[in-house]
>>> print(open('start.txt').read())   # compact mmCIF, C-alpha atoms
# COMPACT_ATOMS: atom_id res chain seq x y z
CA MET A 695 -15.31 -0.83 10.89
CA GLN A 696 -18.74 -2.15 9.89
CA LYS A 697 -19.78 1.34 8.74
CA ILE A 698 -16.77 1.35 6.43
CA LEU A 699 -17.51 -2.08 4.96
CA ASN A 700 -21.23 -1.35 4.56
CA PHE A 701 -20.64 1.93 2.75
CA LEU A 702 -18.01 0.47 0.40
CA THR A 703 -20.26 -2.51 -0.40
CA GLU A 704 -23.18 -0.24 -1.28
CA LEU A 705 -21.00 2.12 -3.30
CA GLU A 706 -19.65 -0.76 -5.37
CA GLN A 707 -23.24 -1.81 -6.12
CA ASN A 708 -24.32 1.78 -6.90
CA ASN A 709 -21.26 3.32 -8.49
CA ASN A 710 -22.83 6.51 -9.83
CA LYS A 711 -22.85 10.18 -8.93
CA GLU A 712 -26.53 10.26 -7.99
CA TRP A 713 -26.18 7.56 -5.31
CA TYR A 714 -22.85 8.95 -4.08
CA HIS A 715 -24.28 12.42 -3.44
CA ALA A 716 -27.57 11.11 -2.07
CA HIS A 717 -25.66 9.14 0.59
CA LYS A 718 -23.33 11.91 1.71
CA LYS A 719 -24.13 11.32 5.39
CA GLU A 720 -23.10 7.64 5.22
CA ARG A 721 -19.99 8.55 3.24
CA LEU A 722 -18.85 11.16 5.74
CA GLU A 723 -19.44 8.76 8.63
CA ALA A 724 -17.42 6.02 6.92
CA GLU A 725 -14.64 8.49 6.03
CA LYS A 726 -14.50 9.65 9.64
CA GLU A 727 -14.19 6.06 10.87
CA PHE A 728 -11.37 5.46 8.37
CA GLU A 729 -9.55 8.60 9.49
CA ASN A 730 -9.88 7.46 13.12
CA LEU A 731 -8.40 4.10 12.12
CA ILE A 732 -5.47 5.76 10.32
CA GLN A 733 -4.86 8.10 13.27
CA GLU A 734 -4.58 5.12 15.61
CA LEU A 735 -2.23 3.37 13.19
CA ILE A 736 -0.04 6.49 12.92
CA LEU A 737 0.35 6.56 16.69
CA ARG A 738 1.00 2.83 16.99
CA ILE A 739 3.42 2.68 14.04
CA GLY A 740 5.12 5.75 15.52
CA GLU A 741 6.21 3.60 18.47
CA PHE A 742 8.71 1.83 16.19
CA ASP A 743 8.94 4.33 13.29
CA ASP A 744 8.60 7.89 14.54
CA SER A 745 9.05 9.35 11.03
CA VAL A 746 5.28 8.95 10.47
CA LEU A 747 4.17 10.91 13.54
CA PRO A 748 4.04 14.44 12.00
CA PHE A 749 1.18 13.51 9.66
CA GLN A 750 -2.58 13.78 9.99
CA PRO A 751 -4.87 11.14 8.43
CA LYS A 752 -6.06 13.58 5.75
CA ASP A 753 -2.43 13.88 4.58
CA LEU A 754 -2.26 10.14 3.94
CA THR A 755 -5.58 9.10 2.41
CA PHE A 756 -6.50 8.86 -1.28
CA LYS A 757 -9.63 10.17 -2.97
CA MET A 758 -12.29 7.82 -4.27
CA VAL A 759 -12.93 9.84 -7.42
CA ARG A 760 -11.42 8.10 -10.45
CA ASP A 761 -9.81 9.67 -13.51
CA THR A 762 -11.79 7.90 -16.26
CA ARG A 763 -10.42 9.84 -19.24
CA PHE A 764 -8.23 7.00 -20.49
CA SER A 765 -10.09 4.06 -18.95
CA HIS A 766 -12.63 1.68 -20.46
CA ASP A 767 -14.21 1.51 -17.00
CA LYS A 768 -16.19 4.74 -16.62
CA SER A 769 -17.27 4.08 -13.02
CA PRO A 770 -16.76 7.46 -11.32
CA TYR A 771 -15.57 6.09 -7.95
CA ASN A 772 -13.06 3.61 -6.63
CA PRO A 773 -15.01 1.81 -3.85
CA VAL A 774 -12.05 1.33 -1.51
CA PHE A 775 -10.44 3.25 1.33
CA ARG A 776 -6.68 3.64 0.92
CA ALA A 777 -3.85 5.29 2.83
CA HIS A 778 -0.05 5.28 2.66
CA ILE A 779 1.72 6.02 5.93
CA SER A 780 5.37 6.99 5.46
CA SER A 781 8.00 9.58 6.31
CA LYS A 782 6.91 11.68 3.29
CA GLY A 783 3.19 11.18 3.69
CA LYS A 784 1.31 9.41 0.92
CA LEU A 785 4.01 9.84 -1.74
CA PRO A 786 5.00 6.38 -3.06
CA ILE A 787 8.67 7.00 -2.16
CA PRO A 788 9.97 6.71 0.53
CA VAL A 789 8.05 3.47 0.93
CA GLY A 790 5.97 2.89 4.03
CA TYR A 791 2.82 1.15 5.22
CA PHE A 792 -0.17 0.80 2.90
CA VAL A 793 -3.74 0.25 4.08
CA TYR A 794 -6.27 -0.95 1.49
CA LEU A 795 -9.82 -1.64 2.71
CA GLN A 796 -12.27 -3.39 0.38
CA PRO A 797 -15.13 -5.74 1.33
CA GLN A 798 -15.48 -9.37 0.24
CA ASP A 799 -12.08 -10.32 1.65
CA ARG A 800 -10.14 -7.99 -0.66
CA THR A 801 -8.54 -5.94 2.13
CA PHE A 802 -4.75 -6.05 2.45
CA LEU A 803 -1.88 -4.44 4.33
CA GLY A 804 1.04 -3.50 2.12
CA GLY A 805 4.65 -2.40 2.18
CA GLY A 806 7.40 -1.61 -0.30
CA LEU A 807 7.25 0.03 -3.72
CA PHE A 808 3.98 -0.45 -5.61
CA ALA A 809 4.58 2.15 -8.34
CA ASP A 810 6.33 0.73 -11.42
CA MET A 811 6.30 3.88 -13.59
CA PHE A 812 9.35 5.57 -12.07
CA THR A 813 12.32 4.38 -14.12
CA GLN A 814 14.81 6.10 -11.81
CA ALA A 815 13.40 4.19 -8.81
CA THR A 816 13.56 0.89 -10.68
CA THR A 817 17.17 1.53 -11.72
CA LEU A 818 18.25 2.59 -8.22
CA MET A 819 16.66 -0.51 -6.73
CA ARG A 820 18.18 -2.89 -9.29
CA ASP A 821 21.64 -1.36 -8.83
CA TYR A 822 21.41 -1.62 -5.05
CA LEU A 823 20.02 -5.13 -5.24
CA SER A 824 22.90 -6.23 -7.48
CA SER A 825 25.48 -4.86 -5.06
CA ASN A 826 23.69 -5.96 -1.89
CA SER A 827 22.19 -9.29 -2.88
CA GLU A 828 23.34 -11.16 0.21
CA ALA A 829 21.58 -8.76 2.58
CA PHE A 830 18.37 -8.99 0.56
CA LEU A 831 18.38 -12.78 0.47
CA LYS A 832 19.07 -12.92 4.20
CA LEU A 833 16.19 -10.51 4.83
CA ILE A 834 13.59 -12.49 2.87
CA ALA A 835 14.81 -15.77 4.36
CA GLU A 836 14.02 -14.64 7.91
CA GLU A 837 11.31 -16.68 9.60
CA SER A 838 9.18 -13.60 10.34
CA PHE A 839 9.29 -12.63 6.65
CA GLN A 840 8.63 -16.13 5.33
CA LYS A 841 5.66 -16.50 7.68
CA HIS A 842 3.81 -13.50 6.29
CA PHE A 843 5.16 -12.30 2.95
CA THR A 844 6.17 -13.00 -0.63
CA VAL A 845 7.93 -10.34 -2.71
CA MET A 846 5.56 -9.24 -5.48
CA GLY A 847 5.78 -6.83 -8.41
CA THR A 848 5.41 -6.45 -12.16
CA GLN A 849 8.24 -8.28 -13.93
CA LEU A 850 10.11 -8.41 -17.20
CA LYS A 851 10.46 -11.80 -18.89
CA ASN A 852 14.24 -11.65 -18.66
CA VAL A 853 16.94 -10.03 -16.54
CA PRO A 854 17.39 -6.56 -18.07
CA LYS A 855 20.48 -5.68 -20.07
CA GLY A 856 23.41 -4.59 -17.95
CA TYR A 857 22.64 -6.92 -15.04
CA ASP A 858 24.11 -10.33 -14.26
CA LYS A 859 21.84 -13.15 -15.39
CA GLU A 860 23.65 -15.44 -12.95
CA SER A 861 23.15 -13.15 -9.98
CA PRO A 862 21.69 -14.88 -6.90
CA VAL A 863 18.92 -12.27 -7.07
CA ALA A 864 18.40 -12.54 -10.84
CA GLU A 865 14.69 -13.29 -10.43
CA TYR A 866 14.20 -10.09 -8.43
CA LEU A 867 16.21 -8.01 -10.92
CA LYS A 868 13.38 -8.67 -13.40
CA ASN A 869 11.02 -6.66 -11.19
CA LYS A 870 10.00 -3.09 -11.98
CA CYS A 871 8.61 -2.69 -8.45
CA TRP A 872 8.93 -4.65 -5.21
CA TYR A 873 6.08 -4.85 -2.71
CA LEU A 874 4.38 -6.97 -0.06
CA GLU A 875 0.69 -7.72 0.46
CA TYR A 876 -0.79 -9.30 3.56
CA PRO A 877 -4.44 -10.29 2.95
CA VAL A 878 -7.12 -9.64 5.55
CA GLN A 879 -10.56 -11.24 5.52
CA ASP A 880 -13.73 -9.37 6.45
CA ILE A 881 -14.26 -11.51 9.54
CA GLU A 882 -10.86 -10.39 10.86
CA MET A 883 -12.09 -6.78 10.69
CA SER A 884 -15.19 -7.31 12.80
CA ASP A 885 -13.20 -6.32 15.89
CA SER A 886 -11.44 -3.01 15.14
CA ASP A 887 -9.07 -3.29 18.11
CA ARG A 888 -7.96 -6.71 16.93
CA PHE A 889 -7.54 -5.43 13.39
CA ILE A 890 -5.35 -2.55 14.56
CA ASN A 891 -3.22 -4.79 16.79
CA ASP A 892 -2.74 -7.30 13.97
CA ALA A 893 -1.97 -4.54 11.46
CA VAL A 894 0.69 -3.05 13.73
CA GLU A 895 2.41 -6.42 14.08
CA ILE A 896 2.34 -6.96 10.30
CA PHE A 897 3.70 -3.49 9.62
CA LYS A 898 6.44 -4.01 12.20
CA ALA A 899 7.45 -7.19 10.36
CA MET A 900 7.74 -5.14 7.14
CA VAL A 901 10.27 -2.69 8.59
CA PRO A 902 13.46 -4.50 7.42
CA PHE A 903 12.07 -4.78 3.86
CA ASN A 904 11.01 -1.13 3.79
CA THR A 905 14.36 -0.05 5.23
CA TYR A 906 16.24 -1.97 2.54
CA LEU A 907 14.17 -0.34 -0.23
CA ASN A 908 14.43 3.14 1.26
CA THR A 909 18.20 2.80 1.49
CA ALA A 910 18.27 1.86 -2.19
CA LEU A 911 15.95 4.76 -3.08
CA LYS A 912 17.55 7.49 -0.95
CA ASP A 913 18.67 9.46 -4.03
CA PHE A 914 15.30 9.25 -5.78
CA THR A 915 13.71 12.53 -6.85
CA MET A 916 10.01 12.74 -7.67
CA PRO A 917 9.47 13.86 -11.29
CA GLU A 918 7.95 17.31 -11.67
CA ARG A 919 4.43 17.40 -13.03
>>> encode(input="start.txt", output="structure tokens")
Amino acid sequence: MQKILNFLTELEQNNNKEWYHAHKKERLEAEKEFENLIQELILRIGEFDDSVLPFQPKDLTFKMVRDTRFSHDKSPYNPVFRAHISSKGKLPIPVGYFVYLQPQDRTFLGGGLFADMFTQATTLMRDYLSSNSEAFLKLIAEESFQKHFTVMGTQLKNVPKGYDKESPVAEYLKNKCWYLEYPVQDIEMSDSDRFINDAVEIFKAMVPFNTYLNTALKDFTMPER
């Protein structure tokens, strides 16, 4: 774990192609450690969600190289390690278990729908939420949910047209995406076994939320590129 944090810290301080290529050995070592971590999480998550078991870590991780064509920030690399573990690999839908490692206490474990650009997904979720508001409110009122999570997501200022402004879930109908983030401090990552055990328990607590969203999104089709 320390190899991962050290490499990411140095990359953030030296975010250029020359440094990146000059430190290939350190990068490959850190990537290998991250893949080992994801492999262990696949196996442990598979004990309560076997849909993730067919995948290899390389199927689930994201590249560091950034697309800077339309960005003011021209840094060539994103100095984080990320992976999405779900029944369809790293695709954003179906939703699954998101691992985001970044030093200086910016690491988090995530669940739910982070992407807000899929209008079909947003509509499916809002429709399902409107018709199944009681189940959603019961889910987020559970002690295990309240202890760890708050529903997050980009929001409109008002409830969108066509939905009940007086709905008991009106505040959540404003969302364009619905996700959870559980923050992890660097000190909690010093012991990799502890980190994995804690992550598994957090991901297990996310299952009802993910199941609700995946039920809502079962008819979603990924747009063709």
>>> atom_distance(input="start.txt", atom1="atom CA of Lys841 of chain A", atom2="atom CA of Glu875 of chain A")
12.4 Å
>>> residues_around(input="start.txt", residues="His778 of chain A", least_positions_apart="4", cutoff="10 Å", atoms="all atoms listed in the file", output="list in words")
Ile732, Pro751, Asp753, Leu754, Thr755, Phe756, Lys782, Gly783, Lys784, Leu785, Pro786, Val789, Gly790, Tyr791, Phe792, Val793, Tyr794, Gly804 and Gly805 of chain A
>>> closest_residue(input="start.txt", among="A:Ile834, A:Ala910, A:Arg888, A:Phe897", to="Thr816 of chain A", atoms="only C-alpha atoms")
A:Ala910
>>> atom_distance(input="start.txt", atom1="atom CA of Arg820 of chain A", atom2="atom CA of Arg776 of chain A")
27.7 Å
>>> atom_distance(input="start.txt", atom1="atom CA of Ile739 of chain A", atom2="atom CA of Leu803 of chain A")
13.2 Å
>>> closest_residue(input="start.txt", among="A:Phe839, A:Phe775, A:Phe889, A:Tyr866", to="Met819 of chain A", atoms="all atoms listed in the file")
A:Tyr866
>>> closest_residue(input="start.txt", among="A:Ile698, A:Leu795, A:Ile787, A:Leu705", to="Glu723 of chain A", atoms="all atoms listed in the file")
A:Ile698
>>> residues_around(input="start.txt", residues="Pro902 of chain A", least_positions_apart="4", cutoff="10 Å", atoms="only C-alpha atoms", output="CSV table (one decimal) with C-alpha atoms, in the coordinates of the input")
chain,number,residue,atom,x,y,z
A,830,PHE,CA,18.4,-9.0,0.6
A,833,LEU,CA,16.2,-10.5,4.8
A,834,ILE,CA,13.6,-12.5,2.9
A,839,PHE,CA,9.3,-12.6,6.6
A,898,LYS,CA,6.4,-4.0,12.2
A,906,TYR,CA,16.2,-2.0,2.5
A,907,LEU,CA,14.2,-0.3,-0.2
A,908,ASN,CA,14.4,3.1,1.3
>>> closest_residue(input="start.txt", among="A:Ala829, A:Leu818, A:Ala864, A:Ala716", to="Leu911 of chain A", atoms="all atoms listed in the file")
A:Leu818
>>> axis_aligned_box(input="start.txt", around="segment 710-720 of chain A", padding_each_side="4 Å", output="JSON")
{"center_x": -25.2, "center_y": 9.5, "center_z": -2.2, "size_x": 12.7, "size_y": 13.9, "size_z": 23.2}
>>> residues_near_point(input="start.txt", point="(5.4, 1.7, -10.3)", cutoff="10 Å", atoms="all atoms listed in the file", output="list in words")
Pro786, Leu807, Phe808, Ala809, Asp810, Met811, Phe812, Thr813, Ala815, Thr816, Gly847, Thr848, Lys870, Cys871 and Trp872 of chain A
>>> closest_residue(input="start.txt", among="A:Leu747, A:Ile896, A:Val863, A:Leu702", to="Arg721 of chain A", atoms="all atoms listed in the file")
A:Leu702
>>> closest_residue(input="start.txt", among="A:Tyr857, A:Phe903, A:Phe802, A:Phe742", to="Ser838 of chain A", atoms="all atoms listed in the file")
A:Phe903
>>> residues_around(input="start.txt", residues="Phe701 of chain A", least_positions_apart="2", cutoff="9 Å", atoms="only C-alpha atoms", output="PyMOL selection string")
chain A and resi 696-699+703-706+720-721+724+773
